[in-house]
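Asks: Have a peek at query36.pdb (PDB, C-alpha atoms (C1' of nucleotides)).
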```
ATOM      1  CA  MET D 160       0.000   0.000   0.000
ATOM      2  CA  GLU D 161       2.120   2.792  -1.261
ATOM      3  CA  SER D 162       0.476   6.071  -2.095
ATOM      4  CA  VAL D 163      -2.172   8.028  -0.303
ATOM      5  CA  PHE D 164      -4.286   7.741  -3.400
ATOM      6  CA  GLU D 165      -4.585   4.020  -3.096
ATOM      7  CA  ILE D 166      -5.634   4.442   0.485
ATOM      8  CA  ILE D 167      -8.540   6.685  -0.324
ATOM      9  CA  ALA D 168      -9.494   4.646  -3.350
ATOM     10  CA  GLU D 169     -11.413   2.335  -1.063
ATOM     11  CA  PRO D 170     -14.991   3.546  -0.481
ATOM     12  CA  ASN D 171     -15.261   2.270   3.058
ATOM     13  CA  ARG D 172     -12.086   4.014   4.020
ATOM     14  CA  ARG D 173     -13.344   7.247   2.578
ATOM     15  CA  ALA D 174     -16.514   6.768   4.543
ATOM     16  CA  ILE D 175     -14.571   6.288   7.725
ATOM     17  CA  LEU D 176     -12.514   9.370   7.095
ATOM     18  CA  SER D 177     -15.593  11.427   6.395
ATOM     19  CA  LEU D 178     -17.123  10.146   9.562
ATOM     20  CA  LEU D 179     -14.139  11.283  11.546
ATOM     21  CA  VAL D 180     -14.469  14.808  10.283
ATOM     22  CA  SER D 181     -17.191  15.529  12.799
ATOM     23  CA  SER D 182     -15.484  13.940  15.756
ATOM     24  CA  GLN D 183     -13.355  11.110  16.916
ATOM     25  CA  GLN D 184     -15.070   7.756  17.078
ATOM     26  CA  SER D 185     -14.642   4.341  18.592
ATOM     27  CA  VAL D 186     -14.475   1.290  16.404
ATOM     28  CA  GLY D 187     -17.891   0.228  17.563
ATOM     29  CA  ALA D 188     -19.380   3.586  16.746
ATOM     30  CA  ILE D 189     -17.993   3.456  13.244
ATOM     31  CA  GLU D 190     -19.135  -0.091  12.877
ATOM     32  CA  ARG D 191     -22.696   0.855  13.694
ATOM     33  CA  GLN D 192     -22.923   4.061  11.749
ATOM     34  CA  LEU D 193     -21.467   2.625   8.605
ATOM     35  CA  ARG D 194     -23.112  -0.736   9.041
ATOM     36  CA  MET D 195     -20.042  -2.718   8.328
ATOM     37  CA  PRO D 196     -18.702  -5.780  10.114
ATOM     38  CA  GLN D 197     -16.273  -5.058  12.895
ATOM     39  CA  PRO D 198     -13.281  -6.849  11.388
ATOM     40  CA  THR D 199     -13.709  -4.812   8.254
ATOM     41  CA  VAL D 200     -13.662  -1.609  10.221
ATOM     42  CA  SER D 201     -10.626  -2.657  12.197
ATOM     43  CA  LYS D 202      -8.745  -3.647   9.105
ATOM     44  CA  HIS D 203      -9.446  -0.423   7.325
ATOM     45  CA  LEU D 204      -8.499   1.513  10.392
ATOM     46  CA  ARG D 205      -5.270  -0.378  10.463
ATOM     47  CA  VAL D 206      -4.510   0.639   6.927
ATOM     48  CA  LEU D 207      -5.494   4.211   7.616
ATOM     49  CA  ARG D 208      -3.349   4.340  10.675
ATOM     50  CA  ASP D 209      -0.327   2.847   8.982
ATOM     51  CA  ALA D 210      -0.708   5.432   6.288
ATOM     52  CA  GLY D 211      -1.008   8.188   8.826
ATOM     53  CA  PHE D 212      -4.567   9.187   8.070
ATOM     54  CA  VAL D 213      -5.740   8.533  11.572
ATOM     55  CA  GLU D 214      -4.384   8.279  15.068
ATOM     56  CA  SER D 215      -5.797   6.433  18.005
ATOM     57  CA  THR D 216      -5.942   6.692  21.724
ATOM     58  CA  VAL D 217      -6.947   4.044  24.169
ATOM     59  CA  ASP D 218     -10.021   4.337  26.318
ATOM     60  CA  ALA D 219     -10.325   1.134  28.329
ATOM     61  CA  GLN D 220     -11.081  -1.638  25.866
ATOM     62  CA  ARG D 221     -12.056   0.726  23.191
ATOM     63  CA  ARG D 222      -9.937   2.719  20.863
ATOM     64  CA  LEU D 223     -10.797   6.191  19.801
ATOM     65  CA  TYR D 224      -9.750   7.098  16.335
ATOM     66  CA  ARG D 225      -9.295  10.624  15.148
ATOM     67  CA  LEU D 226      -8.317  12.208  11.924
ATOM     68  CA  ASN D 227      -4.825  13.233  10.994
ATOM     69  CA  PRO D 228      -4.823  15.646   8.082
ATOM     70  CA  GLU D 229      -1.282  15.364   6.797
ATOM     71  CA  PRO D 230      -1.701  12.654   4.181
ATOM     72  CA  LEU D 231      -4.742  14.345   2.785
ATOM     73  CA  GLN D 232      -2.695  17.415   2.204
ATOM     74  CA  GLN D 233      -0.696  15.407  -0.257
ATOM     75  CA  VAL D 234      -3.810  14.900  -2.271
ATOM     76  CA  GLU D 235      -4.511  18.565  -1.974
ATOM     77  CA  ALA D 236      -1.025  19.276  -3.217
ATOM     78  CA  TRP D 237      -1.297  17.015  -6.201
ATOM     79  CA  LEU D 238      -4.585  18.532  -7.074
ATOM     80  CA  ALA D 239      -3.285  22.060  -6.999
ATOM     81  CA  PRO D 240      -1.911  22.343 -10.546
ATOM     82  CA  PHE D 241      -5.239  21.263 -11.951
ATOM     83  CA  ARG D 242      -7.124  23.855 -10.076
ATOM     84  CA  ARG D 243      -6.347  26.465 -12.642
ATOM     85  CA  PHE D 244      -8.555  24.506 -14.993
ATOM     86  CA  TRP D 245     -11.700  25.362 -13.173
ATOM     87  CA  SER D 246     -10.822  28.251 -10.920
ATOM     88  CA  ALA D 247     -11.973  30.748 -13.502
ATOM     89  CA  HIS D 248     -14.305  30.006 -16.356
ATOM     90  CA  LEU D 249     -11.376  30.328 -18.645
ATOM     91  CA  ASP D 250     -12.269  27.112 -20.310
ATOM     92  CA  ALA D 251     -12.088  28.658 -23.696
ATOM     93  CA  LEU D 252      -8.978  30.647 -23.025
ATOM     94  CA  GLU D 253      -7.315  27.693 -21.539
ATOM     95  CA  ARG D 254      -8.163  25.514 -24.455
ATOM     96  CA  HIS D 255      -6.706  28.167 -26.630
ATOM     97  CA  LEU D 256      -3.426  28.248 -24.790
ATOM     98  CA  ASP D 257      -3.441  24.527 -24.942
ATOM     99  CA  ARG D 258      -3.491  24.534 -28.683
ATOM    100  CA  MET D 259      -0.678  27.033 -28.822
ATOM    101  CA  LYS D 260       1.765  25.131 -26.738
ATOM    102  CA  GLN D 261       1.404  21.822 -28.432
ATOM    103  CA  SER D 262       4.738  20.634 -27.212
ATOM    104  CA  THR D 263       6.089  17.487 -28.731
ATOM    105  CA  PRO D 264       9.690  17.021 -27.666
ATOM    106  CA  THR D 265      10.874  15.591 -30.936
ATOM    107  CA  LYS D 266      11.383  18.108 -33.649
ATOM    108  CA  ARG D 267       8.280  18.054 -35.641
ATOM    109  CA  LYS D 268       6.929  20.606 -37.994
ATOM    110  CA  THR D 269       3.690  18.799 -38.335
ATOM    111  CA  ARG D 270       1.015  20.623 -40.133
ATOM    112  CA  ARG D 271      -2.123  19.234 -41.496
ATOM    113  CA  LYS D 272      -2.598  19.193 -45.163
ATOM    114  CA  PRO D 273      -0.241  19.630 -48.160
ATOM    115  CA  THR D 274       2.774  19.934 -46.016
ATOM    116  CA  ARG D 275       2.937  16.695 -44.252
ATOM    117  CA  ARG D 276       5.612  15.779 -41.832
ATOM    118  CA  LYS D 277       8.981  14.249 -42.216
ATOM    119  CA  PRO D 278       9.258  10.500 -41.497
ATOM    120  CA  ARG D 279      10.350  11.229 -37.984
ATOM    121  CA  THR D 280      14.073  10.608 -38.158
TER     122      THR D 280
ATOM    123  CA  MET O 284     -13.906   1.073 -12.552
ATOM    124  CA  GLU O 285     -16.343   3.035 -10.524
ATOM    125  CA  SER O 286     -15.147   6.064  -8.665
ATOM    126  CA  VAL O 287     -12.832   8.833  -9.686
ATOM    127  CA  PHE O 288     -10.644   7.857  -6.780
ATOM    128  CA  GLU O 289      -9.862   4.493  -8.233
ATOM    129  CA  ILE O 290      -8.957   6.153 -11.474
ATOM    130  CA  ILE O 291      -6.357   8.387  -9.932
ATOM    131  CA  ALA O 292      -5.101   5.642  -7.658
ATOM    132  CA  GLU O 293      -2.961   4.390 -10.509
ATOM    133  CA  PRO O 294       0.424   6.154 -10.608
ATOM    134  CA  ASN O 295       0.804   6.069 -14.361
ATOM    135  CA  ARG O 296      -2.576   7.633 -14.813
ATOM    136  CA  ARG O 297      -1.691  10.396 -12.424
ATOM    137  CA  ALA O 298       1.496  10.938 -14.375
ATOM    138  CA  ILE O 299      -0.448  11.225 -17.586
ATOM    139  CA  LEU O 300      -2.854  13.690 -16.083
ATOM    140  CA  SER O 301      -0.049  15.803 -14.708
ATOM    141  CA  LEU O 302       1.580  15.769 -18.080
ATOM    142  CA  LEU O 303      -1.549  17.074 -19.696
ATOM    143  CA  VAL O 304      -1.644  20.055 -17.404
ATOM    144  CA  SER O 305       0.926  21.849 -19.509
ATOM    145  CA  SER O 306      -0.631  21.061 -22.829
ATOM    146  CA  GLN O 307      -2.390  18.467 -24.879
ATOM    147  CA  GLN O 308      -0.272  15.569 -26.011
ATOM    148  CA  SER O 309      -0.289  12.762 -28.493
ATOM    149  CA  VAL O 310      -0.044   9.187 -27.354
ATOM    150  CA  GLY O 311       3.450   8.945 -28.702
ATOM    151  CA  ALA O 312       4.549  12.047 -26.863
ATOM    152  CA  ILE O 313       3.237  10.668 -23.619
ATOM    153  CA  GLU O 314       4.817   7.346 -24.346
ATOM    154  CA  ARG O 315       8.219   8.936 -24.758
ATOM    155  CA  GLN O 316       8.077  11.364 -21.886
ATOM    156  CA  LEU O 317       6.839   8.841 -19.379
ATOM    157  CA  ARG O 318       8.873   6.019 -20.797
ATOM    158  CA  MET O 319       6.082   3.529 -20.793
ATOM    159  CA  PRO O 320       5.091   1.055 -23.471
ATOM    160  CA  GLN O 321       2.541   2.295 -25.933
ATOM    161  CA  PRO O 322      -0.205  -0.224 -25.130
ATOM    162  CA  THR O 323       0.035   0.765 -21.522
ATOM    163  CA  VAL O 324      -0.412   4.402 -22.396
ATOM    164  CA  SER O 325      -3.329   3.671 -24.662
ATOM    165  CA  LYS O 326      -5.042   1.550 -22.078
ATOM    166  CA  HIS O 327      -4.700   4.128 -19.385
ATOM    167  CA  LEU O 328      -5.920   6.800 -21.720
ATOM    168  CA  ARG O 329      -8.899   4.638 -22.443
ATOM    169  CA  VAL O 330      -9.705   4.423 -18.787
ATOM    170  CA  LEU O 331      -9.195   8.123 -18.326
ATOM    171  CA  ARG O 332     -11.390   8.926 -21.253
ATOM    172  CA  ASP O 333     -14.184   6.620 -20.165
ATOM    173  CA  ALA O 334     -14.075   8.269 -16.792
ATOM    174  CA  GLY O 335     -14.175  11.700 -18.363
ATOM    175  CA  PHE O 336     -10.753  12.838 -17.258
ATOM    176  CA  VAL O 337      -9.543  13.456 -20.775
ATOM    177  CA  GLU O 338     -10.908  14.133 -24.215
ATOM    178  CA  SER O 339      -9.305  13.486 -27.552
ATOM    179  CA  THR O 340      -9.240  14.892 -31.007
ATOM    180  CA  VAL O 341      -7.923  13.290 -34.128
ATOM    181  CA  ASP O 342      -4.921  14.603 -35.989
ATOM    182  CA  ALA O 343      -4.237  12.262 -38.872
ATOM    183  CA  GLN O 344      -3.178   8.962 -37.376
ATOM    184  CA  ARG O 345      -2.466  10.454 -34.087
ATOM    185  CA  ARG O 346      -4.794  11.382 -31.312
ATOM    186  CA  LEU O 347      -4.335  14.422 -29.194
ATOM    187  CA  TYR O 348      -5.448  14.079 -25.648
ATOM    188  CA  ARG O 349      -6.339  16.979 -23.450
ATOM    189  CA  LEU O 350      -7.463  17.340 -19.905
ATOM    190  CA  ASN O 351     -11.042  17.575 -18.785
ATOM    191  CA  PRO O 352     -11.299  18.950 -15.264
ATOM    192  CA  GLU O 353     -14.771  17.850 -14.210
ATOM    193  CA  PRO O 354     -13.970  14.533 -12.546
ATOM    194  CA  LEU O 355     -11.139  16.075 -10.620
ATOM    195  CA  GLN O 356     -13.563  18.516  -9.164
ATOM    196  CA  GLN O 357     -15.247  15.605  -7.477
ATOM    197  CA  VAL O 358     -12.039  14.895  -5.667
ATOM    198  CA  GLU O 359     -11.824  18.535  -4.793
ATOM    199  CA  ALA O 360     -15.352  18.370  -3.465
ATOM    200  CA  TRP O 361     -14.725  15.340  -1.333
ATOM    201  CA  LEU O 362     -11.632  16.928   0.039
ATOM    202  CA  ALA O 363     -13.378  20.120   1.036
ATOM    203  CA  PRO O 364     -14.694  19.105   4.472
ATOM    204  CA  PHE O 365     -11.218  18.084   5.518
ATOM    205  CA  ARG O 366      -9.736  21.340   4.553
ATOM    206  CA  ARG O 367     -10.773  22.891   7.801
ATOM    207  CA  PHE O 368      -8.279  20.633   9.481
ATOM    208  CA  TRP O 369      -5.339  22.414   8.064
ATOM    209  CA  SER O 370      -6.673  25.728   6.862
ATOM    210  CA  ALA O 371      -6.040  27.376  10.176
ATOM    211  CA  HIS O 372      -3.680  26.173  12.841
ATOM    212  CA  LEU O 373      -6.624  25.331  14.968
ATOM    213  CA  ASP O 374      -5.246  21.905  15.520
ATOM    214  CA  ALA O 375      -5.511  22.254  19.211
ATOM    215  CA  LEU O 376      -8.914  23.844  19.207
ATOM    216  CA  GLU O 377     -10.171  21.291  16.825
ATOM    217  CA  ARG O 378      -8.891  18.469  18.890
ATOM    218  CA  HIS O 379     -10.646  20.027  21.793
ATOM    219  CA  LEU O 380     -13.984  20.177  20.031
ATOM    220  CA  ASP O 381     -13.376  16.660  18.998
ATOM    221  CA  ARG O 382     -13.193  15.486  22.539
ATOM    222  CA  MET O 383     -16.363  17.279  23.440
ATOM    223  CA  LYS O 384     -18.572  15.643  20.894
ATOM    224  CA  GLN O 385     -17.593  12.089  21.616
ATOM    225  CA  SER O 386     -20.700  10.470  20.202
ATOM    226  CA  THR O 387     -21.394   6.835  20.999
ATOM    227  CA  PRO O 388     -24.908   5.952  19.801
ATOM    228  CA  THR O 389     -25.682   2.892  21.898
ATOM    229  CA  LYS O 390     -26.575   3.128  25.517
ATOM    230  CA  ARG O 391     -23.545   2.201  27.348
ATOM    231  CA  LYS O 392     -22.802   2.879  30.915
ATOM    232  CA  THR O 393     -19.437   1.352  30.858
ATOM    233  CA  ARG O 394     -17.202   3.742  32.555
ATOM    234  CA  ARG O 395     -13.730   3.452  33.647
ATOM    235  CA  LYS O 396     -12.972   4.641  36.996
ATOM    236  CA  PRO O 397     -15.066   6.299  39.655
ATOM    237  CA  THR O 398     -15.450   9.603  37.884
ATOM    238  CA  ARG O 399     -15.036   9.316  34.216
ATOM    239  CA  ARG O 400     -17.096  11.507  31.982
ATOM    240  CA  LYS O 401     -20.795  11.889  32.157
ATOM    241  CA  PRO O 402     -22.795   8.975  30.775
ATOM    242  CA  ARG O 403     -23.676  10.880  27.629
ATOM    243  CA  THR O 404     -27.404  11.474  27.228
TER     244      THR O 404
ATOM    245  C1'  DT F 273      -1.080  -0.684 -53.731
ATOM    246  C1'  DT F 274       2.389  -1.797 -50.654
ATOM    247  C1'  DT F 275       4.694  -0.162 -46.779
ATOM    248  C1'  DT F 276       5.220   2.278 -42.594
ATOM    249  C1'  DA F 277       3.656   5.229 -38.691
ATOM    250  C1'  DA F 278       0.429   5.764 -34.813
ATOM    251  C1'  DT F 279      -2.843   3.984 -31.920
ATOM    252  C1'  DA F 280      -6.128   0.640 -30.154
ATOM    253  C1'  DT F 281      -7.468  -4.016 -28.544
ATOM    254  C1'  DG F 282      -7.418  -8.879 -27.181
ATOM    255  C1'  DC F 283      -5.654 -12.539 -24.424
ATOM    256  C1'  DC F 284      -3.220 -14.333 -20.646
ATOM    257  C1'  DT F 285      -0.928 -14.295 -16.354
ATOM    258  C1'  DT F 286      -0.004 -12.519 -11.968
ATOM    259  C1'  DG F 287      -0.477 -10.125  -7.840
ATOM    260  C1'  DA F 288      -2.920  -7.301  -4.668
ATOM    261  C1'  DC F 289      -6.618  -6.573  -1.881
ATOM    262  C1'  DA F 290     -11.236  -6.751   0.227
ATOM    263  C1'  DC F 291     -14.208  -9.803   2.542
ATOM    264  C1'  DG F 292     -16.101 -13.487   5.605
ATOM    265  C1'  DT F 293     -15.508 -16.363   9.341
ATOM    266  C1'  DA F 294     -13.227 -17.809  13.147
ATOM    267  C1'  DT F 295     -10.219 -16.835  16.822
ATOM    268  C1'  DA F 296      -6.899 -14.299  19.687
ATOM    269  C1'  DT F 297      -6.149 -10.407  22.810
ATOM    270  C1'  DT F 298      -7.077  -7.116  26.247
ATOM    271  C1'  DC F 299      -9.945  -4.788  29.373
ATOM    272  C1'  DT F 300     -13.720  -4.399  32.873
ATOM    273  C1'  DC F 301     -16.863  -5.723  36.117
ATOM    274  C1'  DT F 302     -18.869  -8.922  39.351
TER     275       DT F 302
ATOM    276  C1'  DA B 242     -11.067 -16.020  38.790
ATOM    277  C1'  DG B 243     -14.632 -15.966  35.364
ATOM    278  C1'  DA B 244     -17.740 -13.819  32.105
ATOM    279  C1'  DG B 245     -18.466 -10.670  28.747
ATOM    280  C1'  DA B 246     -17.404  -6.479  25.914
ATOM    281  C1'  DA B 247     -14.437  -4.215  22.417
ATOM    282  C1'  DT B 248     -11.018  -4.669  19.181
ATOM    283  C1'  DA B 249      -7.386  -6.911  16.535
ATOM    284  C1'  DT B 250      -5.540 -10.553  13.677
ATOM    285  C1'  DA B 251      -5.073 -14.973  10.849
ATOM    286  C1'  DC B 252      -6.418 -17.617   7.097
ATOM    287  C1'  DG B 253      -8.687 -18.993   2.951
ATOM    288  C1'  DT B 254     -11.086 -17.286  -1.115
ATOM    289  C1'  DG B 255     -12.724 -14.706  -5.049
ATOM    290  C1'  DT B 256     -12.259 -10.812  -7.875
ATOM    291  C1'  DC B 257     -10.357  -7.487 -10.553
ATOM    292  C1'  DA B 258      -7.086  -4.712 -12.643
ATOM    293  C1'  DA B 259      -2.316  -3.842 -14.535
ATOM    294  C1'  DG B 260       1.300  -5.452 -17.477
ATOM    295  C1'  DG B 261       3.367  -7.956 -21.403
ATOM    296  C1'  DC B 262       2.988  -9.374 -25.897
ATOM    297  C1'  DA B 263       0.958 -10.004 -30.160
ATOM    298  C1'  DT B 264      -2.120  -8.272 -33.396
ATOM    299  C1'  DA B 265      -5.798  -5.441 -35.388
ATOM    300  C1'  DT B 266      -6.987  -0.926 -37.218
ATOM    301  C1'  DT B 267      -6.556   3.357 -39.467
ATOM    302  C1'  DA B 268      -4.227   6.747 -41.969
ATOM    303  C1'  DA B 269      -0.395   8.423 -44.653
ATOM    304  C1'  DA B 270       3.615   8.150 -47.615
ATOM    305  C1'  DA B 271       6.165   6.014 -51.318
TER     306       DA B 271
END
```
Will you turn the file into structure tokens for me?
Replies:
Amino acid sequence: MESVFEIIAEPNRRAILSLLVSSQQSVGAIERQLRMPQPTVSKHLRVLRDAGFVESTVDAQRRLYRLNPEPLQQVEAWLAPFRRFWSAHLDALERHLDRMKQSTPTKRKTRRKPTRRKPRT
Amino acid sequence: MESVFEIIAEPNRRAILSLLVSSQQSVGAIERQLRMPQPTVSKHLRVLRDAGFVESTVDAQRRLYRLNPEPLQQVEAWLAPFRRFWSAHLDALERHLDRMKQSTPTKRKTRRKPTRRKPRT
DNA sequence: TTTTAATATGCCTTGACACGTATATTCTCT
DNA sequence: AGAGAATATACGTGTCAAGGCATATTAAAA
């Protein structure tokens, strides 16, 4: 289980995380609210904890799990560069710029019609 | 392949998406820049396209792929509620509130020592 | 029309992971 | 100490997706 993205790819884990936004929860509480078998909850919590998404404290026999934001910030970070795509309604503009750049590392004078392209090296 | 999260769970797909941030690219260009076999690229692009992450236009035999932001906005949306966890440095405050809520749906009088916390309810 | 470039698809294998069920572990309370 | 609650872990199983390789497809160039 490498990246944070694989962690949050699992629906149940996302559910657990979302649940923990409001407050910390015991395993049993999660189990009941999300209607999933206890071993499933524990296993997912294990994964989440190993990945640093949650932390736990002990309260007698029960464990209270709470959110730890760091790993999610990685997602946030990855997402950042894309944000410019919807932050304004510059859809058209952006598409325009897109066309202009058209970077293709190999030298390539590609145009459409009469002038074709050279047989690429 | 259901959720957008599973789509971006794959490292190569994330790489492709990131590559498309700068400009649209042909399959071959992606293939070369990311150093991955062509079928792999095509397959991932297929997945990305089916999921609405990219769109393509035809340029002779080659296809130009460009980004489509919508699906990523879903990630953004899911992430939103968590943002309050790092937006301010209210880590301490937040942890405090966390403790206060402490919801445990079932009736449960199990307490620890003489004076624990009030039996909730 | 034959060849070559660019991309897509099909098949097969392999590995990862989620789940269910059973069981172990650790507390608490009587 | 014994019973029961809360949580963790082990094991076996099925599924599904990613990769490799070969091949099909489409378009262009010779």
Asks: Taking only C-alpha atoms (C1' of nucleotides) into account, report as a ChimeraX atom specification which residues of chain D lie within 8 Å of chain F.
Replies: /D:199,219-220
Asks: Which chain O residues have any atom within 10 Å of an atom of chain B, and for each, what is the nearest pair of atoms with distance in Å to one decimal, counting only C-alpha atoms (C1' of nucleotides), rows sorted by chain and number, as CSV?
Replies:
```
residue,atom,partner,partner_atom,distance
O:Met284,CA,B:DA258,C1',8.9
O:Glu293,CA,B:DA259,C1',9.2
O:Pro320,CA,B:DG261,C1',9.4
O:Pro322,CA,B:DG261,C1',9.3
O:Thr323,CA,B:DG260,C1',7.5
O:Lys326,CA,B:DA259,C1',9.7
O:His327,CA,B:DA259,C1',9.6
O:Asp342,CA,B:DA268,C1',9.9
O:Ala343,CA,B:DA268,C1',6.3
O:Gln344,CA,B:DA268,C1',5.2
O:Arg345,CA,B:DA268,C1',8.9
O:Thr393,CA,B:DA246,C1',9.5
```
Asks: Taking (-10.6, 7.4, 17.2) in the file's own coordinates, collect the residues within 7 Å, counting only C-alpha atoms (C1' of nucleotides), and hand them back as a list in words.
Replies: Gln183, Gln184, Ser185, Glu214, Ser215, Thr216, Arg222, Leu223, Tyr224 and Arg225 of chain D
Asks: Mind giving me the straight-line distance from CA of Val330 in chain O to CA of Ser246 in chain D in Å, one decimal?
Replies: 25.1 Å
Asks: Just to confirm, what's the straight-line distance from CA of Ala236 in chain D to CA of Leu178 in chain D in Å (one decimal)?
Replies: 22.5 Å
Asks: Ranking O:Ala363, O:Pro352, O:Phe336, O:Arg329 by minimum distance to chain D and counting all atoms listed in the file, which one comes first?
Replies: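 Using all atoms listed in the file, chain D sits closest to O:Pro352.
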Asks: Care to translate the PyMOL selection byres ((chain D and resi 235) around 12) into actual residues of this file, as a VMD selection string?
Replies: (chain D and resid 163 to 164 228 to 234 236 to 242) or (chain O and resid 355 to 356 358 to 363 365 to 366 369 to 370)
